[in-house]
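Here the structure comes first, spelled out in structure tokens, and everything after it is commentary.
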Amino acid sequence: MDRSDSKKELLDDADDKRQTLATTRRQFWQISKAFFASERRRKARGFLISLLVLALATGAVQVLMSYAGADFMTAITRKNPTEFWHTLWKYIGTILLAIPIGVYYRWVEERLALLWREWMAQHLVKRYFNNRAYFRLLGSESVDNPDQRISEDVRNFTTSSLSFMLIALNSLVTLGSFIGVLWLISGKLVAILLVYAVAGTAISIVIGRKLVRLHYQQYEKEADFRYGLVRVRDNAESIAFYRGEKREHLDLFNRLTAAVTNMRLIIIRNRNLAFFTNSYNYLALVLPIAVVAPMYMRGEVEFGVVTQAGGAFATVLTAVSLIITQFGGLSAYLAGVQRLGSLWDELDEHDAEEQRINYEKTKQPEENSRIVKLEGLTICTPVVMRTLVEKLSFELREGQSLIIMGPSGTGKSSVLRTIAGLWPGACGLLERPAADQLMFLPQRPYMVEGCLRDQLHYPYPDRGASDEEIRDVIESVNLASVLDRVEGDLDRVADWNHMLSLGEQQRIAFARLFLRKPKFAFLDEATSALDEENQQDLYTLIKESGIGYISVGHRTTLIPFHDRMLLLDRDGSWKIENVTET
Ligand SMILES: Nc1ncnc2c1ncn2[C@@H]1O[C@H](COP(=O)(O)OP(=O)(O)OP(=O)(O)O)[C@@H](O)[C@H]1O
């Protein structure tokens, strides 16, 4: 049942395949062109030209070696010692020439592959952060596991692209040179070779064509398995509290099984393909001898020519049968191109969408705006576009405060997400100060790796706050005990994520806020893990600080710390009340 299901899944109609191939081709050129036209293009092109020259040199040396080898074999059959030694030295000479060419060929190839990988990974990481694509790619249907695409797929793509390009280049060079050698021996041999290669390639494509799709699925399933393991590590405590080991174990087991099942299908395809490629390669050993040996027996050619023909035939055959010999690797490679291509396309789409939204839908804030202003702003959920809040309007000046309340799921956090620019699906007018004048405090603060000083300055590097200032802020948010734990050392590195309780982490977030002193703060249940006393202290501090703020919360004890209250309802309607009136 399972097997027939997955087989059914793999069935593609011809149109679909043609379209996929055209898309893969476009994606390949798009990705490759970007590197050779980038700021690293001089170095990249230099390496590429060196490779071309070295490939030509390799072809020339191989032809020289084939003639030197033929003379050498003939000298042996003639039992002539003088000729034997003479041809042996010539043969060794060609080998000595081949060694440095081979070494530098490999060296340049590896350097170029590394340069390409470095550029491409840097480029994708940059685009991953651009317009917060990393956030919007969460839950994307077409791009699973972007992390694996940026790390492994990029590495595989760059090394394989070069290796396939060089194999193709070598093939062309050897084809050019050795077809000449074969032609001089026998025209019939060249004709047999071409028919043999074309037929072989066609048959191998028929047998192995499903491999591309299977390799694509393999990448996805391997990444899913690894992500499952990472998720367990990231949520270890919650899973342990829930005693969710069995469920997690089953989930990981299923992910692994999916990868293994798919790999089994690949192995079956490989086996079928190998039946053909092995027969093909063995037959190729016999064919040229069968044609040239009778010529030798008739005395038309020397013995060395028989071995030379065998070698030349094999070389040219490898060149023209590229698709057959490289099918497994090629199909995995194409799958990798598709994975990178779809990430690239999705990032392009995000950038384009961001621009469209910036220019068409929501008027973006002027950088010097001193207020937060929403005018007729309708907020919808992404993708499905369900309206959450309709035509919301309010204005918040410096030092003013607002609390957003309402039943769960009515869109309280979404209002903050929209102000932060995380949710692009809003129509209407939005005005706010520049991003570095705003600060968002989520319910679960993000703890960075590093020391306490790094925590407090995140995401900006040290802005010159003195140690005394930092200690005062720590004291004011009631975190002196945390400072004691690192013996007062602001620069001691610790695992803050696991070392601090959620309430302590929320106080760290407030400390960040008081150190940075933005114009406006947005607090999304930012004190949910704190006791009433700590909450009251923090809200008293923020009220006195002159920072304007919008809070989202359910606790009614929060209300008195705000000037106004925005009430959201399930039908998208809303109302604003002055807190003193309630
Ligand atoms: N990325 C998303 N894609 C689609 N819908 C989403 C997404 N994130 C949230 N939603 C939906 O949008 C609605 C509003 O979510 P939001 O988090 O703003 O609610 P809330 O009022 O803050 O709820 P709570 O009080 O429970 O925190 C919810 O129904 C939620 O399921």
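In the structure tokens, chains take letters A, B, ... by order of appearance, with residues numbered from 1 within each chain and ligands from 1 in the order shown.
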- For range 399-413 of chain A: contacts at 7 Å, only C-alpha atoms, fewer than 2 positions along chain excluded, given as a PyMOL selection string: chain A and resi 388-389+396-397+415-417+524+546-554+559+562-570
- Which residues come within 10 Å of Ser160 in chain A, counting only C-alpha atoms, excluding same-chain residues fewer than 6 positions away, as a list in words? Ala113, Val154, Leu166, Gly329, Leu330, Ala332, Tyr333, Leu334 and Gly336 of chain A
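Here the question is which of A:Ala309, A:Leu347, A:Thr94, A:Tyr242 gets nearest to Leu184 in chain A using only C-alpha atoms, and that residue is A:Ala309.
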- Item | Contacts of Leu502 in chain A within 7 Å, only C-alpha atoms, excl. fewer than 3 positions in-chain, as a PyMOL selection string | chain A and resi 505-506+529
- Item | Spatial neighbours of Pro288 in chain A, max dist 8 Å, only C-alpha atoms, sep filter under 4 positions, as a ChimeraX atom specification | /A:189,284,292,309-310,313
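Rounded to one decimal, CA of Asp489 in chain A and CA of Arg471 in chain A lie 10.4 Å from each other.
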- Using DSSP on the backbone coordinates, identify the residues of range 211-403 of chain A assigned to strand (DSSP E); present them as a PyMOL selection string. chain A and resi 362-363+372-380+387-396+401-403
- Message: Could you list, as a count of residues only, every residue within 9 Å of range 75-92 of chain A, counting only C-alpha atoms and ignoring same-chain residues fewer than 6 positions away?
- Response: 8
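Residues lying within 6 Å of range 251-268 of chain A, counting only C-alpha atoms and ignoring same-chain neighbours fewer than 3 positions away, are A:Lys221, A:Glu222, A:Phe225, A:Glu248, A:Arg271.
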Keeping C-alpha atoms, export the residues of the selection given above as a PDB file, in the first residue's frame.
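Printed below is part_20.pdb as written:
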ATOM      1  CA  LYS A 221      13.555  14.072   4.129  1.00  0.00           C
ATOM      2  CA  GLU A 222      17.122  14.155   5.462  1.00  0.00           C
ATOM      3  CA  PHE A 225      14.963  14.325  10.163  1.00  0.00           C
ATOM      4  CA  GLU A 248       8.971  12.644  19.982  1.00  0.00           C
ATOM      5  CA  ARG A 271      20.677  -1.009  -9.280  1.00  0.00           C
TER       6      ARG A 271
END
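Nearest to Ala335 in chain A of all the residues A:Tyr196, A:Phe522, A:Phe157, A:Trp107 is A:Phe157, based on only C-alpha atoms.
For the residues A:Thr74, A:Ser331, A:Ser163, A:Asn235, ranking by smallest atom-to-atom distance to Thr307 in chain A using only C-alpha atoms places A:Thr74 first.
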